[in-house]
Amino acid sequence: MLAMPLFLAGCAAAAPARPPARDVTRQQITILYDAFGKPSQMEKDWGFAALIEYGGKRILFDTGDNPDILARNAKSKGVDLSNLDFAVLSHRHGDHMGGLDYLLSVNPGVKIYAPRENFGVYGFSLPSSFYRKDEALPREQRYYDGSPPDILKFGSAWPKAHFELIEKTTEIAPGIRLIATVSDKPTTLELRELSLAIDTPDGIVLVVGCSHPGIDKIVEAAAAIDPRIHLIAGGLHLVVAKDSDIDGIVGALHDKYKVAYIAPGHCTGEPTFAALEKAFGGRYLYAGLGTELALGPAPRSVDVVRQ
């Protein structure tokens, strides 16, 4: 009779732990990685990562530059990255994807959306018809002995990761889209970047990584979905911009696109922080490391950090 209780106890011990219940009413963005912020146990470093919680979904947007720093910052904020619906890597630069090893160590099966690039670090495939063939050559001088597979698949820097590559603007969940843009700037020519757009009753909440294609270009694409841009959070890539260029972008966001709230971070740049705060006033939200941006009709910045 003693064997049955022991057997049942063993089964209970072997059963996988259930993930904690989610608060489906939670609507916020938590900044997990950035180079500025108020004093806390979190470590400042150049890069960007944010946890987005909305509509019952938990989304990690970018992973920062260093896996150890991401791990410490997530622990300091009490954020469990093993319990995600999916992750998004905005683009291929190290300060946005360098922490991926930590994410994969705690959540190896997570789906990761990334931009599709030719022979990119996230993997790639294309038909073997892409190259010219010469049937007059001997077999040993031909690729695959003259009989290539229909599709050639090329590896990624993380061969065990579950990437889904995005080439055009795509709805990945009800009311959640990835906006795909391509940079035409000389220093980042042809760089592909993904931005996260969430439909809300008040308009689009737009989370951006570095905005290499131009934040105005990204907002234009989002406004084609819904002209009401309720909030922009993330890096605007104006860290080395001239004052005249900063003024032009700030004017476009405030006057042309009527952005309701803005919470800039990462590569936005200190002079741009000042210009945006002046233009947006009370609708400028501080978004330093550890900040929680509470979403809703009137978003607010909540500095909940563990000292």
# chains A, B, ... in the order shown; residues from 1 in each chain; ligands from 1

$ residues_around --residues "region 256-266 of chain A" --least-positions-apart "2" --cutoff "6 Å" --atoms "only C-alpha atoms" --output "ChimeraX atom specification"
/A:34,229-235,252-254,268,283-287

$ residues_around --residues "Phe119 (chain A)" --least-positions-apart "4" --cutoff "12 Å" --atoms "only C-alpha atoms" --output "compact mmCIF listing (two decimals) with N, CA and C atoms, in the first residue's frame"
# COMPACT_ATOMS: atom_id res chain seq x y z
N ARG A 92 20.17 43.91 -36.65
CA ARG A 92 21.31 43.02 -36.44
C ARG A 92 22.43 43.62 -35.60
N PRO A 115 14.39 40.54 -38.65
CA PRO A 115 14.30 40.95 -40.06
C PRO A 115 14.98 39.95 -40.98
N GLY A 123 19.98 33.72 -40.17
CA GLY A 123 19.70 32.64 -41.11
C GLY A 123 19.08 33.19 -42.39
N PHE A 124 19.02 32.32 -43.40
CA PHE A 124 18.55 32.79 -44.71
C PHE A 124 18.33 31.57 -45.59
N SER A 125 17.45 31.70 -46.54
CA SER A 125 17.27 30.65 -47.56
C SER A 125 16.84 31.30 -48.86
N LEU A 126 17.14 30.64 -49.97
CA LEU A 126 16.72 31.14 -51.26
C LEU A 126 16.79 30.01 -52.28
N LEU A 152 18.32 26.47 -50.99
CA LEU A 152 19.57 26.50 -50.25
C LEU A 152 19.33 27.19 -48.91
N LYS A 153 19.69 26.53 -47.82
CA LYS A 153 19.50 27.09 -46.50
C LYS A 153 20.85 27.44 -45.88
N PHE A 154 20.93 28.64 -45.31
CA PHE A 154 22.17 29.12 -44.74
C PHE A 154 21.98 29.33 -43.23
N GLY A 155 23.00 29.03 -42.47
CA GLY A 155 22.90 29.00 -41.02
C GLY A 155 22.85 30.36 -40.37
N SER A 156 22.51 30.35 -39.07
CA SER A 156 22.46 31.58 -38.30
C SER A 156 23.53 31.52 -37.21
N ALA A 157 23.74 32.65 -36.55
CA ALA A 157 24.68 32.69 -35.43
C ALA A 157 24.16 31.92 -34.22
N LEU A 165 11.59 34.91 -39.79
CA LEU A 165 12.13 36.09 -40.44
C LEU A 165 11.03 36.87 -41.15

$ atom_distance --atom1 "CA of Phe130 (chain A)" --atom2 "CA of Thr187 (chain A)"
27.7 Å

$ select_by_dssp --residues "region 113-268 of chain A" --states "helix (DSSP H, G or I)" --output "ChimeraX atom specification"
/A:128-130,139-141,143-146,186-188,215-223,243-256,266-268

$ closest_atom_pairs --of "region 117-176 of chain A" --to "region 65-89 of chain A" --cutoff "10 Å" --atoms "only C-alpha atoms" --output "Markdown table"
| residue | atom | partner | partner_atom | distance |
| --- | --- | --- | --- | --- |
| A:Tyr122 | CA | A:Leu89 | CA | 9.7 |
| A:Phe163 | CA | A:Ala87 | CA | 9.5 |
| A:Glu164 | CA | A:Val88 | CA | 9.6 |
| A:Ile172 | CA | A:Phe86 | CA | 9.9 |

$ write_last_selection --atoms "all heavy atoms" --output "compact mmCIF listing (two decimals), in the first residue's frame"
# COMPACT_ATOMS: atom_id res chain seq x y z
N TYR A 122 20.65 35.90 -38.74
CA TYR A 122 19.51 35.13 -38.24
C TYR A 122 19.16 33.95 -39.15
O TYR A 122 18.18 33.25 -38.92
CB TYR A 122 18.28 36.03 -38.09
CG TYR A 122 18.54 37.28 -37.30
CD1 TYR A 122 18.33 38.53 -37.84
CD2 TYR A 122 19.02 37.20 -35.99
CE1 TYR A 122 18.57 39.69 -37.11
CE2 TYR A 122 19.28 38.34 -35.26
CZ TYR A 122 19.05 39.58 -35.82
OH TYR A 122 19.30 40.72 -35.10
N PHE A 163 13.88 31.14 -35.10
CA PHE A 163 13.66 32.44 -35.75
C PHE A 163 12.52 32.35 -36.75
O PHE A 163 12.37 31.35 -37.46
CB PHE A 163 14.92 32.89 -36.50
CG PHE A 163 16.04 33.33 -35.60
CD1 PHE A 163 17.23 32.63 -35.56
CD2 PHE A 163 15.91 34.45 -34.81
CE1 PHE A 163 18.27 33.01 -34.73
CE2 PHE A 163 16.94 34.86 -33.98
CZ PHE A 163 18.12 34.14 -33.94
N GLU A 164 11.74 33.41 -36.81
CA GLU A 164 10.80 33.61 -37.91
C GLU A 164 11.17 34.94 -38.54
O GLU A 164 11.10 35.99 -37.88
CB GLU A 164 9.36 33.61 -37.44
CG GLU A 164 8.38 33.75 -38.60
CD GLU A 164 6.95 33.40 -38.24
OE1 GLU A 164 6.74 32.57 -37.34
OE2 GLU A 164 6.03 33.97 -38.87
N ILE A 172 1.37 39.76 -36.45
CA ILE A 172 1.86 38.51 -35.87
C ILE A 172 0.93 37.99 -34.77
O ILE A 172 1.07 36.85 -34.34
CB ILE A 172 3.29 38.68 -35.32
CG1 ILE A 172 3.36 39.81 -34.32
CG2 ILE A 172 4.27 38.91 -36.47
CD1 ILE A 172 4.70 39.96 -33.63

$ closest_residue --among "A:Ile215, A:Lys185, A:Ala274, A:Phe280" --to "Asp255 (chain A)" --atoms "only C-alpha atoms"
A:Phe280

$ select_by_dssp --residues "region 122-204 of chain A" --states "strand (DSSP E)" --output "NGL selection string"
:A and (124-127 or 151-154 or 162-166 or 170-173 or 176-182 or 192-200 or 203-204)

$ closest_residue --among "A:Val240, A:Ala294, A:Asp226, A:Pro201" --to "Ile52 (chain A)" --atoms "only C-alpha atoms"
A:Ala294

$ residues_around --residues "Leu194 (chain A)" --least-positions-apart "5" --cutoff "7 Å" --atoms "only C-alpha atoms" --output "ChimeraX atom specification"
/A:90-91,115,178-181

$ write_last_selection --atoms "N, CA and C atoms" --output "PDB file, in the first residue's frame"
ATOM      1  N   SER A  90      15.005  43.859 -33.286  1.00  0.00           N
ATOM      2  CA  SER A  90      14.698  44.926 -34.240  1.00  0.00           C
ATOM      3  C   SER A  90      15.660  44.944 -35.422  1.00  0.00           C
ATOM      4  N   HIS A  91      16.947  44.674 -35.167  1.00  0.00           N
ATOM      5  CA  HIS A  91      17.924  44.682 -36.254  1.00  0.00           C
ATOM      6  C   HIS A  91      19.192  43.988 -35.780  1.00  0.00           C
ATOM      7  N   PRO A 115      14.392  40.540 -38.652  1.00  0.00           N
ATOM      8  CA  PRO A 115      14.301  40.949 -40.057  1.00  0.00           C
ATOM      9  C   PRO A 115      14.979  39.948 -40.984  1.00  0.00           C
ATOM     10  N   LEU A 178       4.406  43.886 -36.812  1.00  0.00           N
ATOM     11  CA  LEU A 178       5.794  44.271 -36.977  1.00  0.00           C
ATOM     12  C   LEU A 178       5.891  45.100 -38.243  1.00  0.00           C
ATOM     13  N   ILE A 179       6.352  46.322 -38.091  1.00  0.00           N
ATOM     14  CA  ILE A 179       6.510  47.224 -39.239  1.00  0.00           C
ATOM     15  C   ILE A 179       7.940  47.084 -39.753  1.00  0.00           C
ATOM     16  N   ALA A 180       8.077  46.673 -40.998  1.00  0.00           N
ATOM     17  CA  ALA A 180       9.383  46.438 -41.607  1.00  0.00           C
ATOM     18  C   ALA A 180       9.782  47.643 -42.458  1.00  0.00           C
ATOM     19  N   THR A 181      10.933  48.208 -42.171  1.00  0.00           N
ATOM     20  CA  THR A 181      11.462  49.317 -42.955  1.00  0.00           C
ATOM     21  C   THR A 181      12.922  49.041 -43.284  1.00  0.00           C
TER      22      THR A 181
END

$ atom_distance --atom1 "CA of Leu32 (chain A)" --atom2 "CA of Val106 (chain A)"
16.0 Å

$ atom_distance --atom1 "CA of Arg132 (chain A)" --atom2 "CA of Val182 (chain A)"
27.7 Å

$ closest_residue --among "A:Val121, A:Ala161, A:Leu293, A:Leu51" --to "Asp101 (chain A)" --atoms "only C-alpha atoms"
A:Ala161

$ residues_around --residues "Asp243 (chain A)" --least-positions-apart "4" --cutoff "9 Å" --atoms "only C-alpha atoms" --output "number ranges by chain"
A: 247-248, 271-272

$ residues_around --residues "Pro149 (chain A)" --least-positions-apart "3" --cutoff "9 Å" --atoms "only C-alpha atoms" --output "ChimeraX atom specification"
/A:127-128,144,152

$ write_last_selection --atoms "all heavy atoms" --output "PDB file, in the first residue's frame"
ATOM      1  N   PRO A 127      16.060  30.118 -53.383  1.00  0.00           N
ATOM      2  CA  PRO A 127      16.069  29.056 -54.398  1.00  0.00           C
ATOM      3  C   PRO A 127      17.451  28.922 -55.031  1.00  0.00           C
ATOM      4  O   PRO A 127      18.179  29.913 -55.203  1.00  0.00           O
ATOM      5  CB  PRO A 127      15.034  29.536 -55.419  1.00  0.00           C
ATOM      6  CG  PRO A 127      14.221  30.571 -54.728  1.00  0.00           C
ATOM      7  CD  PRO A 127      15.123  31.212 -53.730  1.00  0.00           C
ATOM      8  N   SER A 128      17.810  27.713 -55.382  1.00  0.00           N
ATOM      9  CA  SER A 128      19.110  27.503 -56.025  1.00  0.00           C
ATOM     10  C   SER A 128      19.152  28.092 -57.430  1.00  0.00           C
ATOM     11  O   SER A 128      20.225  28.163 -58.035  1.00  0.00           O
ATOM     12  CB  SER A 128      19.431  26.005 -56.087  1.00  0.00           C
ATOM     13  OG  SER A 128      18.433  25.300 -56.811  1.00  0.00           O
ATOM     14  N   TYR A 144      27.299  21.413 -56.216  1.00  0.00           N
ATOM     15  CA  TYR A 144      26.468  20.241 -55.914  1.00  0.00           C
ATOM     16  C   TYR A 144      26.478  19.227 -57.066  1.00  0.00           C
ATOM     17  O   TYR A 144      25.473  18.572 -57.339  1.00  0.00           O
ATOM     18  CB  TYR A 144      25.022  20.661 -55.605  1.00  0.00           C
ATOM     19  CG  TYR A 144      24.897  21.614 -54.445  1.00  0.00           C
ATOM     20  CD1 TYR A 144      24.822  22.991 -54.656  1.00  0.00           C
ATOM     21  CD2 TYR A 144      24.859  21.149 -53.136  1.00  0.00           C
ATOM     22  CE1 TYR A 144      24.712  23.880 -53.596  1.00  0.00           C
ATOM     23  CE2 TYR A 144      24.745  22.023 -52.069  1.00  0.00           C
ATOM     24  CZ  TYR A 144      24.677  23.379 -52.309  1.00  0.00           C
ATOM     25  OH  TYR A 144      24.573  24.259 -51.243  1.00  0.00           O
ATOM     26  N   LEU A 152      18.316  26.472 -50.987  1.00  0.00           N
ATOM     27  CA  LEU A 152      19.569  26.498 -50.250  1.00  0.00           C
ATOM     28  C   LEU A 152      19.331  27.194 -48.915  1.00  0.00           C
ATOM     29  O   LEU A 152      18.812  28.312 -48.876  1.00  0.00           O
ATOM     30  CB  LEU A 152      20.639  27.248 -51.038  1.00  0.00           C
ATOM     31  CG  LEU A 152      20.967  26.702 -52.435  1.00  0.00           C
ATOM     32  CD1 LEU A 152      22.086  27.523 -53.064  1.00  0.00           C
ATOM     33  CD2 LEU A 152      21.363  25.235 -52.364  1.00  0.00           C
TER      34      LEU A 152
END

$ residues_around --residues "His162 (chain A)" --least-positions-apart "3" --cutoff "7 Å" --atoms "only C-alpha atoms" --output "list in words"
Gly109, Val110, Lys111 and Ile112 of chain A

$ write_last_selection --atoms "C-alpha atoms" --output "PDB file, in the first residue's frame"
ATOM      1  CA  GLY A 109      12.034  27.385 -27.392  1.00  0.00           C
ATOM      2  CA  VAL A 110      10.814  30.963 -27.614  1.00  0.00           C
ATOM      3  CA  LYS A 111       9.786  32.208 -31.058  1.00  0.00           C
ATOM      4  CA  ILE A 112      11.988  35.104 -32.144  1.00  0.00           C
TER       5      ILE A 112
END
